[in-house]
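What follows is one structure encoded as structure tokens, with my remarks underneath.
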Amino acid sequence: MKDLGNSYTRGNGLLEKILAELRAQKANQLIPDYLRSGRILDIGCGANPYFLSHTYFSEKFAIDQQENSGCPIDINWHVLDLNNKYQLDFEDSYFSVVTMLAVVEHLDPMILSELVSEIFRILIPGGVFIMTTPAAWSDGILKTMAIMGLVSKEEIDEHQYTYTLPLLGWYMGKAGFDMDKLQFGLFEFGLNLWAKAEK
């Protein structure tokens with residue numbers, strides 16, 4: 001795996017490294033091994049795609065609003081500002097796994113329903129969608145941590161909305177995911193939520 005140096009997110013924060021590692025670890029735990037022979041798309045991966053650089057798939061794809069800043073050559077990079085265009089330029093049933101790790105809180109909540117519907121469209125039957133986001137109740141804690149320099153102030157200042165597990169489930173159900181195939185939980189000391197949906 002390529003070492004991406006000390007840049008895990010935009011800005012600085014003493015805990016950014018461990019938080020990026022825990023996020024990647026959680027996502028990898030949620031991905032069934034049998035899907036790794038297919039394609040993965042990480043939406044909002046950041047200029048230095050830590051998770052994609054620390055996971056195995058036959059083919060890796062990334063979407064971010066920033067240009068590629070020297071990520072590993074095995075990642076197919078696509079530039080897209082999701083707050084201006086939520087349509088994903090991929091064929092139906094193209095990906096085995098789609099991830100959005102610490103991304104939805106940065107997006108306009110008005111487009112999230114359409115974006116999750118697009119994710120449903122591009123997943124293969126039996127494919128998996130995984131998202132993580134800070135818990136709604138942790139918003140004040142994260143802002144305090146940003147002031148203290150523990151997490152990236154730039155990232156926290158861009159948060160547009162906070163979510164609960166039932167709300168994440170509502171978005172997934174509205175997009176077409178079977179409510180019986182959803183799983184949810186907490187991680188990163190309970191400050192973050194994870195949700196997994198199988199198509």
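Chain labels run A, B, ... following the order of the structure tokens; each chain numbers its residues from 1, and ligands are numbered from 1 in the order shown.
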
Chain A: residues DSSP assigns to strand (DSSP E), reported as a PyMOL selection string: chain A and resi 39-43+59-64+75-79+95-101+123-134+182-187+192-198

Same residues, N, CA and C atoms, output as a tab-separated table (two decimals), in the first residue's frame:
```tsv
chain	number	residue	atom	x	y	z
A	39	ARG	N	-15.62	-4.56	-8.48
A	39	ARG	CA	-15.20	-3.15	-8.46
A	39	ARG	C	-15.74	-2.46	-7.21
A	40	ILE	N	-14.95	-1.53	-6.67
A	40	ILE	CA	-15.39	-0.68	-5.58
A	40	ILE	C	-15.32	0.78	-6.02
A	41	LEU	N	-16.31	1.56	-5.58
A	41	LEU	CA	-16.31	3.01	-5.79
A	41	LEU	C	-16.36	3.67	-4.42
A	42	ASP	N	-15.38	4.53	-4.14
A	42	ASP	CA	-15.39	5.32	-2.91
A	42	ASP	C	-15.73	6.75	-3.28
A	43	ILE	N	-16.88	7.22	-2.82
A	43	ILE	CA	-17.38	8.56	-3.15
A	43	ILE	C	-16.92	9.54	-2.08
A	59	GLU	N	-10.72	-3.92	-8.97
A	59	GLU	CA	-10.68	-2.59	-9.57
A	59	GLU	C	-11.18	-1.58	-8.55
A	60	LYS	N	-10.48	-0.43	-8.47
A	60	LYS	CA	-10.84	0.62	-7.52
A	60	LYS	C	-11.14	1.91	-8.27
A	61	PHE	N	-12.22	2.56	-7.87
A	61	PHE	CA	-12.64	3.83	-8.46
A	61	PHE	C	-12.85	4.85	-7.34
A	62	ALA	N	-12.55	6.11	-7.65
A	62	ALA	CA	-12.70	7.19	-6.67
A	62	ALA	C	-13.43	8.36	-7.30
A	63	ILE	N	-14.27	9.01	-6.49
A	63	ILE	CA	-14.90	10.27	-6.87
A	63	ILE	C	-14.58	11.28	-5.79
A	64	ASP	N	-14.11	12.46	-6.21
A	64	ASP	CA	-13.91	13.54	-5.27
A	64	ASP	C	-14.00	14.86	-6.03
A	75	ILE	N	-5.95	3.27	-8.84
A	75	ILE	CA	-7.25	3.88	-8.55
A	75	ILE	C	-7.70	4.74	-9.75
A	76	ASN	N	-8.88	4.43	-10.29
A	76	ASN	CA	-9.47	5.18	-11.40
A	76	ASN	C	-10.16	6.41	-10.82
A	77	TRP	N	-9.63	7.60	-11.13
A	77	TRP	CA	-10.05	8.85	-10.47
A	77	TRP	C	-11.06	9.62	-11.32
A	78	HIS	N	-12.13	10.10	-10.67
A	78	HIS	CA	-13.15	10.91	-11.33
A	78	HIS	C	-13.41	12.15	-10.48
A	79	VAL	N	-13.36	13.32	-11.10
A	79	VAL	CA	-13.61	14.58	-10.40
A	79	VAL	C	-15.09	14.94	-10.56
A	95	PHE	N	-20.83	-1.73	-9.99
A	95	PHE	CA	-19.96	-1.89	-8.81
A	95	PHE	C	-20.47	-2.95	-7.85
A	96	SER	N	-19.53	-3.66	-7.25
A	96	SER	CA	-19.85	-4.62	-6.20
A	96	SER	C	-20.08	-3.91	-4.87
A	97	VAL	N	-19.30	-2.84	-4.64
A	97	VAL	CA	-19.36	-2.10	-3.38
A	97	VAL	C	-19.25	-0.62	-3.67
A	98	VAL	N	-20.04	0.19	-2.98
A	98	VAL	CA	-19.91	1.64	-3.00
A	98	VAL	C	-19.78	2.11	-1.56
A	99	THR	N	-18.81	2.98	-1.30
A	99	THR	CA	-18.64	3.52	0.05
A	99	THR	C	-18.70	5.03	0.01
A	100	MET	N	-19.19	5.60	1.12
A	100	MET	CA	-19.17	7.05	1.36
A	100	MET	C	-18.79	7.22	2.83
A	101	LEU	N	-17.52	7.45	3.07
A	101	LEU	CA	-16.99	7.49	4.43
A	101	LEU	C	-16.75	8.94	4.84
A	123	LEU	N	-25.07	-0.31	-8.28
A	123	LEU	CA	-24.65	-1.53	-7.57
A	123	LEU	C	-25.18	-2.77	-8.28
A	124	ILE	N	-24.38	-3.83	-8.24
A	124	ILE	CA	-24.85	-5.12	-8.73
A	124	ILE	C	-25.87	-5.70	-7.75
A	125	PRO	N	-26.76	-6.58	-8.21
A	125	PRO	CA	-27.61	-7.30	-7.24
A	125	PRO	C	-26.73	-8.04	-6.24
A	126	GLY	N	-27.01	-7.88	-4.98
A	126	GLY	CA	-26.17	-8.47	-3.94
A	126	GLY	C	-25.02	-7.58	-3.53
A	127	GLY	N	-24.84	-6.45	-4.22
A	127	GLY	CA	-23.79	-5.51	-3.87
A	127	GLY	C	-24.11	-4.76	-2.59
A	128	VAL	N	-23.10	-4.08	-2.07
A	128	VAL	CA	-23.22	-3.46	-0.75
A	128	VAL	C	-22.86	-1.97	-0.82
A	129	PHE	N	-23.65	-1.16	-0.13
A	129	PHE	CA	-23.39	0.26	0.06
A	129	PHE	C	-23.10	0.50	1.53
A	130	ILE	N	-21.97	1.16	1.80
A	130	ILE	CA	-21.55	1.44	3.18
A	130	ILE	C	-21.33	2.94	3.32
A	131	MET	N	-21.91	3.52	4.36
A	131	MET	CA	-21.65	4.92	4.64
A	131	MET	C	-21.33	5.11	6.12
A	132	THR	N	-20.52	6.13	6.40
A	132	THR	CA	-20.26	6.54	7.77
A	132	THR	C	-20.46	8.04	7.87
A	133	THR	N	-20.83	8.51	9.06
A	133	THR	CA	-21.02	9.93	9.29
A	133	THR	C	-21.01	10.18	10.79
A	134	PRO	N	-20.62	11.37	11.23
A	134	PRO	CA	-20.70	11.67	12.65
A	134	PRO	C	-22.14	11.57	13.17
A	182	LEU	N	-30.69	-3.96	5.81
A	182	LEU	CA	-29.93	-2.84	6.34
A	182	LEU	C	-29.34	-3.21	7.70
A	183	GLN	N	-28.12	-2.73	7.95
A	183	GLN	CA	-27.47	-2.91	9.25
A	183	GLN	C	-26.90	-1.57	9.68
A	184	PHE	N	-26.85	-1.34	10.99
A	184	PHE	CA	-26.39	-0.06	11.51
A	184	PHE	C	-25.56	-0.27	12.77
A	185	GLY	N	-24.75	0.73	13.10
A	185	GLY	CA	-24.00	0.66	14.35
A	185	GLY	C	-23.24	1.95	14.61
A	186	LEU	N	-22.50	1.95	15.72
A	186	LEU	CA	-21.67	3.06	16.15
A	186	LEU	C	-20.21	2.63	16.15
A	187	PHE	N	-19.29	3.57	15.96
A	187	PHE	CA	-17.86	3.28	16.08
A	187	PHE	C	-17.13	4.57	16.38
A	192	ASN	N	-19.39	8.28	15.83
A	192	ASN	CA	-19.74	8.11	14.42
A	192	ASN	C	-20.71	6.96	14.21
A	193	LEU	N	-21.48	7.07	13.14
A	193	LEU	CA	-22.45	6.06	12.75
A	193	LEU	C	-21.95	5.32	11.52
A	194	TRP	N	-22.30	4.05	11.40
A	194	TRP	CA	-22.10	3.34	10.15
A	194	TRP	C	-23.42	2.71	9.73
A	195	ALA	N	-23.62	2.61	8.42
A	195	ALA	CA	-24.81	1.98	7.86
A	195	ALA	C	-24.39	1.15	6.66
A	196	LYS	N	-24.98	-0.01	6.54
A	196	LYS	CA	-24.68	-0.93	5.43
A	196	LYS	C	-25.98	-1.40	4.82
A	197	ALA	N	-26.06	-1.32	3.50
A	197	ALA	CA	-27.26	-1.77	2.78
A	197	ALA	C	-26.85	-2.72	1.67
A	198	GLU	N	-27.58	-3.83	1.56
A	198	GLU	CA	-27.34	-4.79	0.48
A	198	GLU	C	-28.44	-4.66	-0.56
```

Shell of 12 Å around Lys174 (chain A), only C-alpha atoms, local chain residues under 3 positions omitted, as a VMD selection string: chain A and resid 112 to 118 120 167 to 171 177 to 179

Residues of region 102-181 of chain A in alpha helix (DSSP H), written as a PyMOL selection string: chain A and resi 109-122+139-147+153-157+165-175
